[in-house]
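Working notes, beginning with the structure itself.
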Amino acid sequence: MKVLVKTFAAAALIAVSTFAMAAEGPGAKATKANVNLSTADFALDHYVAVTIEGESAGVEQLFADDFNQKIQATTAQSHNREAVIKSLKKQKGEKLNCTVSTDIIEESADYMVAKVTLKFENFTKTDLVTLERVGNDWKVSKSINSYK
């Protein structure tokens, strides 16, 4: 049930963002979008929208300054904040063909660890995401990816 609620919340967030961008019109000047990251759940939903749905609004706002991504594959890889943001911006509007589930592993007042599972046709990607409260907002501070 929790996963279903989060899925609907992510869909609503995407719809609102899409309508807001469409209302600006084709000639609107590009500005940094402010995304509501006031709760860990909002930040996690936006992270899923950015990585799975190709959402580009608020990408810079989502990641902590010291963000780090590790990918566990045949050769381990590590990416910093700038590299991940650049990659996600290139994927703007591209939706991944997979089913998504999220599970909260641990949660406190200032910290959350979540497991985001993406099931593709031939493989599964598991993303362990760490979120931290930074001031009044929540930010993604770490992501560890593995593939099966």
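Residues are named by chain letter and number: chains run A, B, ... in the order of the structure tokens, numbers start at 1 in each chain, and ligands are numbered from 1 in the order shown.
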Fewer than 5 positions away in the same chain doesn't count, so skip those; otherwise give me all residues within 7 Å of A:Arg81, counting only C-alpha atoms, as a ChimeraX atom specification.
/A:63,65-68
Exercise: A:Gln77 partners within 12 Å, only C-alpha atoms, chain neighbours under 2 positions left out, as an NGL selection string:
:A and (68-75 or 79-80 or 83 or 143-146)
Neighbour list for A:His46 as number ranges by chain, cut-off 10 Å, only C-alpha atoms, skip fewer than 2 positions in-chain
A: 9-11, 13-14, 35-37, 40-44, 48-53, 55-59, 62
Generate the output file for the selected residues, C-alpha atoms, as a PDB file, in the first residue's frame.
```pdb
ATOM      1  CA  ALA A   9       2.493  10.858  -5.325  1.00  0.00           C
ATOM      2  CA  ALA A  10       5.323  10.635  -7.871  1.00  0.00           C
ATOM      3  CA  ALA A  11       2.810  10.636 -10.737  1.00  0.00           C
ATOM      4  CA  LEU A  13       4.412  15.481  -8.865  1.00  0.00           C
ATOM      5  CA  ILE A  14       5.283  14.747 -12.480  1.00  0.00           C
ATOM      6  CA  VAL A  35      10.844  21.816  -6.218  1.00  0.00           C
ATOM      7  CA  ASN A  36       9.244  21.063  -2.866  1.00  0.00           C
ATOM      8  CA  LEU A  37      11.806  18.974  -0.988  1.00  0.00           C
ATOM      9  CA  ALA A  40      12.055  12.957   2.784  1.00  0.00           C
ATOM     10  CA  ASP A  41       9.115  11.417   0.899  1.00  0.00           C
ATOM     11  CA  PHE A  42       8.890  14.411  -1.476  1.00  0.00           C
ATOM     12  CA  ALA A  43      12.646  14.250  -2.106  1.00  0.00           C
ATOM     13  CA  LEU A  44      12.531  10.493  -2.736  1.00  0.00           C
ATOM     14  CA  VAL A  48      12.486   8.664  -8.757  1.00  0.00           C
ATOM     15  CA  ALA A  49      10.895  11.155 -11.193  1.00  0.00           C
ATOM     16  CA  VAL A  50      14.321  12.513 -12.164  1.00  0.00           C
ATOM     17  CA  THR A  51      15.985   9.126 -12.642  1.00  0.00           C
ATOM     18  CA  ILE A  52      13.076   7.152 -14.122  1.00  0.00           C
ATOM     19  CA  GLU A  53      10.769   9.678 -15.780  1.00  0.00           C
ATOM     20  CA  GLU A  55      12.151  14.980 -15.104  1.00  0.00           C
ATOM     21  CA  SER A  56      14.689  17.808 -15.218  1.00  0.00           C
ATOM     22  CA  ALA A  57      13.119  20.469 -12.983  1.00  0.00           C
ATOM     23  CA  GLY A  58      15.003  20.965  -9.737  1.00  0.00           C
ATOM     24  CA  VAL A  59      17.808  18.511 -10.515  1.00  0.00           C
ATOM     25  CA  LEU A  62      17.842  17.620  -5.318  1.00  0.00           C
TER      26      LEU A  62
END
```
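Residues in contact with A:Asp110 at up to 12 Å, not including ones fewer than 6 positions away on its chain and judged by only C-alpha atoms, are A:Ser38, A:Thr39, A:Ala40, A:Thr130, A:Leu131, A:Glu132, A:Arg133, A:Val134, A:Gly135, A:Asn136, A:Asp137, A:Trp138, A:Lys139, A:Val140.
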Tell me, in Å to one decimal, how far atom CA of A:Asp103 is from atom CA of A:Val116.
6.6 Å
Quick one: residues within 7 Å of A:Thr102, only C-alpha atoms, excluding same-chain residues fewer than 2 positions away - as a list in words?
Val3, Val100, Ile104, Ala114, Lys115, Val116 and Thr117 of chain A
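Atom CA of A:Phe123 sits 5.6 Å away from atom CA of A:Lys148.
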Per-residue DSSP, stretch 23-144 of chain A, filtered to helix (DSSP H, G or I), as a PyMOL selection string:
chain A and resi 23-24+40-52+59-62+81-90
Could you turn the residues from that selection into a file that holds N, CA and C atoms, as a compact mmCIF listing (two decimals), in the first residue's frame?
```txt
# COMPACT_ATOMS: atom_id res chain seq x y z
N ALA A 23 2.40 25.57 -19.02
CA ALA A 23 1.75 26.87 -18.84
C ALA A 23 2.70 28.02 -19.18
N GLU A 24 3.99 27.79 -19.06
CA GLU A 24 4.96 28.83 -19.38
C GLU A 24 5.01 29.12 -20.87
N ALA A 40 11.26 14.02 3.39
CA ALA A 40 12.06 12.96 2.78
C ALA A 40 11.26 12.26 1.69
N ASP A 41 9.96 12.07 1.90
CA ASP A 41 9.12 11.42 0.90
C ASP A 41 9.04 12.23 -0.39
N PHE A 42 8.90 13.57 -0.28
CA PHE A 42 8.89 14.41 -1.48
C PHE A 42 10.22 14.30 -2.22
N ALA A 43 11.33 14.33 -1.48
CA ALA A 43 12.65 14.25 -2.11
C ALA A 43 12.84 12.90 -2.79
N LEU A 44 12.41 11.82 -2.13
CA LEU A 44 12.53 10.49 -2.74
C LEU A 44 11.67 10.38 -3.99
N ASP A 45 10.45 10.89 -3.93
CA ASP A 45 9.57 10.87 -5.10
C ASP A 45 10.17 11.66 -6.26
N HIS A 46 10.78 12.80 -5.94
CA HIS A 46 11.39 13.60 -7.00
C HIS A 46 12.63 12.90 -7.56
N TYR A 47 13.39 12.23 -6.71
CA TYR A 47 14.55 11.46 -7.18
C TYR A 47 14.10 10.39 -8.17
N VAL A 48 13.03 9.69 -7.85
CA VAL A 48 12.49 8.66 -8.76
C VAL A 48 12.04 9.31 -10.06
N ALA A 49 11.35 10.46 -9.98
CA ALA A 49 10.90 11.15 -11.19
C ALA A 49 12.08 11.59 -12.06
N VAL A 50 13.14 12.06 -11.42
CA VAL A 50 14.32 12.51 -12.16
C VAL A 50 15.03 11.34 -12.84
N THR A 51 15.21 10.25 -12.11
CA THR A 51 15.98 9.13 -12.64
C THR A 51 15.18 8.21 -13.56
N ILE A 52 13.89 8.10 -13.35
CA ILE A 52 13.08 7.15 -14.12
C ILE A 52 12.25 7.84 -15.20
N VAL A 59 16.77 19.53 -10.63
CA VAL A 59 17.81 18.51 -10.51
C VAL A 59 18.94 19.01 -9.62
N GLU A 60 19.40 20.23 -9.81
CA GLU A 60 20.49 20.76 -9.00
C GLU A 60 20.09 20.86 -7.53
N GLN A 61 18.84 21.19 -7.29
CA GLN A 61 18.32 21.37 -5.94
C GLN A 61 18.24 20.03 -5.19
N LEU A 62 18.08 18.93 -5.91
CA LEU A 62 17.84 17.62 -5.32
C LEU A 62 19.07 17.00 -4.66
N ARG A 81 28.65 14.66 -7.96
CA ARG A 81 27.40 15.39 -8.17
C ARG A 81 27.31 15.97 -9.58
N GLU A 82 28.34 16.65 -10.01
CA GLU A 82 28.31 17.33 -11.31
C GLU A 82 28.13 16.33 -12.46
N ALA A 83 28.83 15.20 -12.39
CA ALA A 83 28.72 14.19 -13.46
C ALA A 83 27.31 13.59 -13.52
N VAL A 84 26.72 13.34 -12.36
CA VAL A 84 25.37 12.76 -12.34
C VAL A 84 24.34 13.76 -12.85
N ILE A 85 24.44 15.01 -12.42
CA ILE A 85 23.50 16.04 -12.88
C ILE A 85 23.61 16.22 -14.39
N LYS A 86 24.82 16.26 -14.91
CA LYS A 86 25.04 16.41 -16.35
C LYS A 86 24.39 15.25 -17.11
N SER A 87 24.58 14.04 -16.61
CA SER A 87 24.01 12.85 -17.24
C SER A 87 22.47 12.89 -17.21
N LEU A 88 21.91 13.27 -16.06
CA LEU A 88 20.45 13.32 -15.93
C LEU A 88 19.84 14.40 -16.83
N LYS A 89 20.53 15.52 -16.99
CA LYS A 89 20.03 16.57 -17.87
C LYS A 89 20.01 16.11 -19.33
N LYS A 90 20.96 15.27 -19.72
CA LYS A 90 20.98 14.73 -21.07
C LYS A 90 19.80 13.80 -21.31
```
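Shortest atom-to-atom contact with A:Thr126 among A:Ala76, A:Gly54, A:Tyr147, A:Thr99: A:Tyr147, counting only C-alpha atoms.
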